[in-house]
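A quick write-up on the structure given underneath.
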There are 2 protein chains.
Amino acid sequence: MSLDAVLARLDADLDAATARLFELLRIPSISTDPAFAPDVRRAADWLCADLAGMGFQAAVHDTTGHPMVVGHHDGPGPHLLFYGHYDVQPVDPLSLWDRDPFDPELQETPKGRVIRARGAADDKGQLMTFLEACRAIKAETGTLPCKITVFLEGEEESGSPSLVPYLKAHGDALRADLALICDTGLFAEGVPAIVTQLRGLLGEEMTITGPRIDLHSGMYGGMAINPIRVLTRILGGLHDDQGRVQVPGFYDGVEEISEDLAAQWAGLGFDADGFLGDVGLSVPAGETDRTPLESLWSRPTAEINGIWGGYTGAGFKTVLPSEAHAKVSFRLVAGQDPFKLREAFRAWVTAQLPEDCTIAWKDHGASPASRMDISHPAFAIARASLSQEWPGEAAFIGGGGSIPVAGHFKEILGMDSLLAGFGKDDDAIHSPNEKYDLDSFHRGMRAWARILTGIAES
Amino acid sequence: MSLDAVLARLDADLDAATARLFELLRIPSISTDPAFAPDVRRAADWLCADLAGMGFQAAVHDTTGHPMVVGHHDGPGPHLLFYGHYDVQPVDPLSLWDRDPFDPELQETPKGRVIRARGAADDKGQLMTFLEACRAIKAETGTLPCKITVFLEGEEESGSPSLVPYLKAHGDALRADLALICDTGLFAEGVPAIVTQLRGLLGEEMTITGPRIDLHSGMYGGMAINPIRVLTRILGGLHDDQGRVQVPGFYDGVEEISEDLAAQWAGLGFDADGFLGDVGLSVPAGETDRTPLESLWSRPTAEINGIWGGYTGAGFKTVLPSEAHAKVSFRLVAGQDPFKLREAFRAWVTAQLPEDCTIAWKDHGASPASRMDISHPAFAIARASLSQEWPGEAAFIGGGGSIPVAGHFKEILGMDSLLAGFGKDDDAIHSPNEKYDLDSFHRGMRAWARILTGIAES
């Protein structure tokens with residue numbers, strides 16, 4: 001096949017591709033709000049029809065939640081599983097949007113043309129880059145260069161409750177040589193990236209109970225233990241002055257990154273000042289002896305994501321509450337066992353409880369970190385392909401967040417994932433006025449065409 | 001007048017008095033929540049009408065907050081100012097109430113009959129003991145034995161913002177020979193008490209701001225400062241291992257109690273195990289080198305009354321919040337200057353803030369501790385009167401709580417206060433299922449009849 005012809009077709013077809021994306025963006029597929037369930041299904045149907053129109057054997061598969069869209073297409077090359085999600089975040093507060101979030105518009109901005117709509121970047125625009133690449137290749141060559149399974153989820157923004165059961169039940173139909181996931185971003189302006197390691201996540205909720213009822217601090221203050229005092233005492237000791245997490249054994253198994261990777265990361269020229277400055281900060285708050293990128297990508301962290309107890313309304317109430325609560329999460333790196341850490345954290349907290357306090361725990365998930373095997377030839381091909389499309393050379397980077405589907409593909413289907421996406425830091429995903437650069441949309445589809453062609457020929 | 005006839009009338013009229021109290025308890029006069037402002041006013045109107053019906057020259061006086069109810073009645077004896085408050089605490093969490101907090105009910109319990117409702121003990125039931133005593137005396141004698149001014153506040157549970165301005169503006173109409181305050185409790189089962197020293201209160205609300213917006217812990221965790229971490233770190237250090245408050249200068253000016261008072265307190269046979277056991281505790285949580293009664297009455301304390309920040313709903317959200325909040329209060333003793341302590345606390349917190357965090361403060365009141373001159377003859381009369389109504393001899397005790405109005409009466413009107421009240425430790429004031437013993441209500445009104453008669457005759 002002629003890659004040049006495919007790329008030329010993608011260039012010529014950009015307006016039509018944008019129009020197709022707009023159709024999908026007009027469907028308010030907010031997965032977390034049951035009122036939008038019919039719209040989520042409409043988005044699934046739309047994608048199923050689009051895949052079928054390209055010659056995929058496509059179907060909408062029901063789950064106990066929102067449906068999965070699965071399409072299969074044969075091809076001579078390796079079997080690739082493409083993953084994206086067609087559900088979107090809620091739009092509140094609507095008052096902060098400059099226009100209807102579900103009435104997409106192409107807008108001129110000082111930084112170039114952008115597609116403005118909820119879901120433009122997360123993840124409808126991104127998943128459509130892959131579908132547009134397939135469409136162009138199919139139109140030019142009559143087939144696809146690899147065997148491709150497209151797997152589109154409708155619950156990513158609401159915790160993916162159906163994903164693991166679905167993978168366990170239908171793994172055979174989805175298992176491939178490699179997964180391609182398009183839900184990440186560029187490293188920097190003009191510098192594409194492939195995420196090769198992702199932090200895991202351990203989520204814990206704790207309730208410390210002291211007196212059996214709320215007490216009046218005038219009557220009991222000075223005698224009765226206050227569980228908020230206990231909670232702040234314990235969580236206030238979660239980090240030492242150097243930002244190191246104090247749970248015993250927390251760093252057991254944590255490996256230093258290779259010198260190669262360290263050199264590559266150092267070469268990325270990460271603008272830590274700008275990264276923090278954008279959110280009103282100036283001082284890195286992690287371990288004091290680590291670089292910013294290590295803190296974000298290869299070092300585990302502990303964070304208090306929520307805390308509450310006592311009287312929190314208007315005015316004042318001199319209560320000694322019966323209970324105090326916190327939600328604590330740990331970002332984990334390769335080598336850390338989330339289940340061992342859960343035990344260690346709970347034991348560390350429990351050992352600090354005064355005699356009169358009890359604690360109850362709620363488990364909010366435990367997923368290990370993942371590190372991809374970048375010796376798979378597809379990684380080098382993808383890196384070269386991305387480097388041809390953007391001015392900067394593509395980087396292998398870490399990801400601070402968790403993309404649970406990559407972990408599930410590894411655990412349940414035994415597959416590594418190649419994570420390439422074209423979002424930008426200013427896309428405002430999950431926020432009002434989300435956008436996706438038209439340039440990301442265009443280069444993204446061209447990059448997938450290069451990657452698929454490259455993998456087929458490897 | 002015949003005291004016996006008055007007491008007999010109070011006994012005979014108990015059902016009707018209880019029905020009157022129920023009317024008042026049905027009005028949800030929650031002062032801290034603006035949504036209930038019309039109900040607070042309804043309670044004021046109800047009391048004004050009740051006073052007028054007894055022959056008081058009564059009026060509802062507007063303030064910038066909730067109104068004051070003031071009633072004047074002439075009489076031959078000394079001028080007494082009676083103070084109570086008709087507002088109540090919020091009722092959350094409503095789910096822990098066994099019935100509607102504003103649908104009062106007389107309930108049989110193993111310890112006797114109780115009036116169950118928000119405000120039953122704090123302070124509607126208590127203030128009505130005085131009004132019922134006046135009603136019975138008036139009915140029997142056609143007048144009152146002393147000149148009495150009744151002064152009822154509607155903001156006691158929300159920091160009394162209008163109290164000081166009101167006292168300063170209308171002091172001449174309120175100034176009397178002595179104030180009577182009915183907002184305290186028995187010392188123990190069957191043992192009444194007059195509170196002769198009260199702790200002061202300093203209330204502070206703090207908001208620590210880190211990043212200018214909420215952040216995703218996957219993207220920023222390890223680099224961005226989390227204000228909840230800062231808050232727990234600071235508040236976790238509010239006490240040392242011996243329970244001593246760590247704000248510099250906190251104990252400056254705090255005096256040891258006299259040997260006499262120490263001996264009297266030691267003789268009270270305070271049952272610390274029972275006091276804590278009633279609320280599910282067993283270990284005193286105050287300064288480790290102090291007796292329980294010192295911890296409750298003569299030592300200052302610091303408490304976190306509320307804390308909140310980040311995601312506190314169902315499930316989990318890996319947010320690094322922009323803000324974290326706490327409400328902190330200090331119980332103060334004689335010798336401590338609340339305004340100096342406010343500055344000391346704020347300075348101590350501010351000095352611990354990381355460079356990237358800012359703090360905003362909200363002031364929730366500052367009142368000094370108070371100590372009464374118990375050589376005033378009314379104290380001996382009241383002690384004898386209470387001792388006649390209850391099995392045990394009445395005690396002069398300290399109060400752990402703050403009754404700021406007593407301090408304001410002293411400072412602004414130059415009056416001492418005689419604090420006698422009939423609440424019990426298990427009344428659950430400020431908590432779900434608040435109650436007031438019918439026995440307290442009944443003996444309380446009889447006691448006031450004795451006290452008023454005694455003072456008139458002295």
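Labels for the structure tokens follow display order: chains A, B, ..., residues from 1 in each chain, ligands from 1.
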Over all C-alpha atoms paired in order - RMSD of chain B on chain A: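 C-alpha RMSD after optimal superposition stands at 2.4 Å.
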Alpha helix (DSSP H) residues, from DSSP on the backbone, in segment 270-357 of chain B, as a count of residues only: 22
Neighbours of chain B in chain A at 6 Å, counting only C-alpha atoms, as a VMD selection string: chain A and resid 211 to 212 214 218 to 219 222 to 225 232 to 233 236 279 to 281 284 to 286 295 to 296 301 305 to 312 315 318 to 320 356 400 to 401
Contacts of segment 441-457 of chain A within 8 Å, only C-alpha atoms, excl. fewer than 4 positions in-chain, as a ChimeraX atom specification: /A:3,6-7,10-11,14,76-78,125-126,128-134,137,145-146,377-378,381-382,385-386,389-390,421-422,436-437
DSSP-assigned strand (DSSP E) members of segment 46-293 of chain B, reported as a VMD selection string: chain B and resid 57 to 61 68 to 73 77 to 85 105 to 109 112 to 116 146 to 153 178 to 181 193 to 198 200 to 209 215 to 216
Write to file, as a PDB file, in the first residue's frame, the residues of the selection just made, with C-alpha atoms.
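Output (again_13.pdb):
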ATOM      1  CA  GLN B  57     -43.874  45.005  79.672  1.00  0.00           C
ATOM      2  CA  ALA B  58     -42.404  42.932  76.873  1.00  0.00           C
ATOM      3  CA  ALA B  59     -41.058  43.599  73.399  1.00  0.00           C
ATOM      4  CA  VAL B  60     -39.084  41.949  70.613  1.00  0.00           C
ATOM      5  CA  HIS B  61     -36.091  44.121  69.810  1.00  0.00           C
ATOM      6  CA  MET B  68     -33.708  40.022  71.614  1.00  0.00           C
ATOM      7  CA  VAL B  69     -36.788  39.520  73.800  1.00  0.00           C
ATOM      8  CA  VAL B  70     -36.907  41.905  76.754  1.00  0.00           C
ATOM      9  CA  GLY B  71     -39.577  42.037  79.461  1.00  0.00           C
ATOM     10  CA  HIS B  72     -39.747  44.259  82.527  1.00  0.00           C
ATOM     11  CA  HIS B  73     -41.836  43.692  85.661  1.00  0.00           C
ATOM     12  CA  GLY B  77     -37.170  43.504  96.050  1.00  0.00           C
ATOM     13  CA  PRO B  78     -33.806  43.942  94.334  1.00  0.00           C
ATOM     14  CA  HIS B  79     -33.590  44.241  90.568  1.00  0.00           C
ATOM     15  CA  LEU B  80     -32.690  40.921  88.929  1.00  0.00           C
ATOM     16  CA  LEU B  81     -31.872  40.344  85.283  1.00  0.00           C
ATOM     17  CA  PHE B  82     -32.781  36.876  84.083  1.00  0.00           C
ATOM     18  CA  TYR B  83     -30.972  35.603  80.985  1.00  0.00           C
ATOM     19  CA  GLY B  84     -31.746  32.596  78.776  1.00  0.00           C
ATOM     20  CA  HIS B  85     -31.568  31.857  75.071  1.00  0.00           C
ATOM     21  CA  GLU B 105     -42.569  14.043  73.296  1.00  0.00           C
ATOM     22  CA  LEU B 106     -42.731  13.048  76.958  1.00  0.00           C
ATOM     23  CA  GLN B 107     -41.019   9.665  77.131  1.00  0.00           C
ATOM     24  CA  GLU B 108     -40.749   7.087  79.891  1.00  0.00           C
ATOM     25  CA  THR B 109     -37.154   5.938  80.358  1.00  0.00           C
ATOM     26  CA  GLY B 112     -37.560   8.653  84.632  1.00  0.00           C
ATOM     27  CA  ARG B 113     -39.681  10.792  82.332  1.00  0.00           C
ATOM     28  CA  VAL B 114     -37.857  12.999  79.830  1.00  0.00           C
ATOM     29  CA  ILE B 115     -38.864  15.726  77.399  1.00  0.00           C
ATOM     30  CA  ARG B 116     -37.298  14.720  74.070  1.00  0.00           C
ATOM     31  CA  CYS B 146     -38.421  41.453  92.987  1.00  0.00           C
ATOM     32  CA  LYS B 147     -38.060  43.841  90.115  1.00  0.00           C
ATOM     33  CA  ILE B 148     -37.355  41.470  87.249  1.00  0.00           C
ATOM     34  CA  THR B 149     -36.041  42.039  83.758  1.00  0.00           C
ATOM     35  CA  VAL B 150     -36.145  39.011  81.482  1.00  0.00           C
ATOM     36  CA  PHE B 151     -33.614  39.134  78.658  1.00  0.00           C
ATOM     37  CA  LEU B 152     -33.773  36.319  76.102  1.00  0.00           C
ATOM     38  CA  GLU B 153     -31.253  35.967  73.291  1.00  0.00           C
ATOM     39  CA  LEU B 178     -27.498  40.669  89.842  1.00  0.00           C
ATOM     40  CA  ALA B 179     -27.945  38.526  86.748  1.00  0.00           C
ATOM     41  CA  LEU B 180     -29.507  35.086  86.963  1.00  0.00           C
ATOM     42  CA  ILE B 181     -28.470  32.749  84.144  1.00  0.00           C
ATOM     43  CA  ALA B 193     -24.709  23.322  91.512  1.00  0.00           C
ATOM     44  CA  ILE B 194     -23.966  26.984  91.097  1.00  0.00           C
ATOM     45  CA  VAL B 195     -21.219  27.683  88.610  1.00  0.00           C
ATOM     46  CA  THR B 196     -18.864  30.287  89.989  1.00  0.00           C
ATOM     47  CA  GLN B 197     -16.182  30.198  87.319  1.00  0.00           C
ATOM     48  CA  LEU B 198     -16.489  29.681  83.591  1.00  0.00           C
ATOM     49  CA  GLY B 200     -13.855  31.627  78.008  1.00  0.00           C
ATOM     50  CA  LEU B 201     -13.906  30.742  74.327  1.00  0.00           C
ATOM     51  CA  LEU B 202     -11.934  31.712  71.287  1.00  0.00           C
ATOM     52  CA  GLY B 203     -13.286  30.448  67.966  1.00  0.00           C
ATOM     53  CA  GLU B 204     -11.243  30.486  64.792  1.00  0.00           C
ATOM     54  CA  GLU B 205     -11.872  29.245  61.260  1.00  0.00           C
ATOM     55  CA  MET B 206      -8.979  28.752  58.890  1.00  0.00           C
ATOM     56  CA  THR B 207      -8.791  28.122  55.163  1.00  0.00           C
ATOM     57  CA  ILE B 208      -5.460  27.060  53.720  1.00  0.00           C
ATOM     58  CA  THR B 209      -5.131  27.511  49.962  1.00  0.00           C
ATOM     59  CA  LEU B 215      -5.853  19.238  40.682  1.00  0.00           C
ATOM     60  CA  HIS B 216      -5.801  15.602  39.599  1.00  0.00           C
TER      61      HIS B 216
END
Two-atom distance - atom CA of Lys168 of chain B, atom CA of Leu332 of chain B (Å): 23.5 Å
Distance query Phe250 of chain A at most 8 Å, only C-alpha atoms, self and fewer than 6 positions along chain excluded, as a ChimeraX atom specification: /A:336,341,344
Of the listed residues B:Cys48, B:Ala347, B:Ile397, B:Val333, that which approaches Pro368 of chain B most closely, counting only C-alpha atoms: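 So, comparing all the options, the nearest one is B:Val333.
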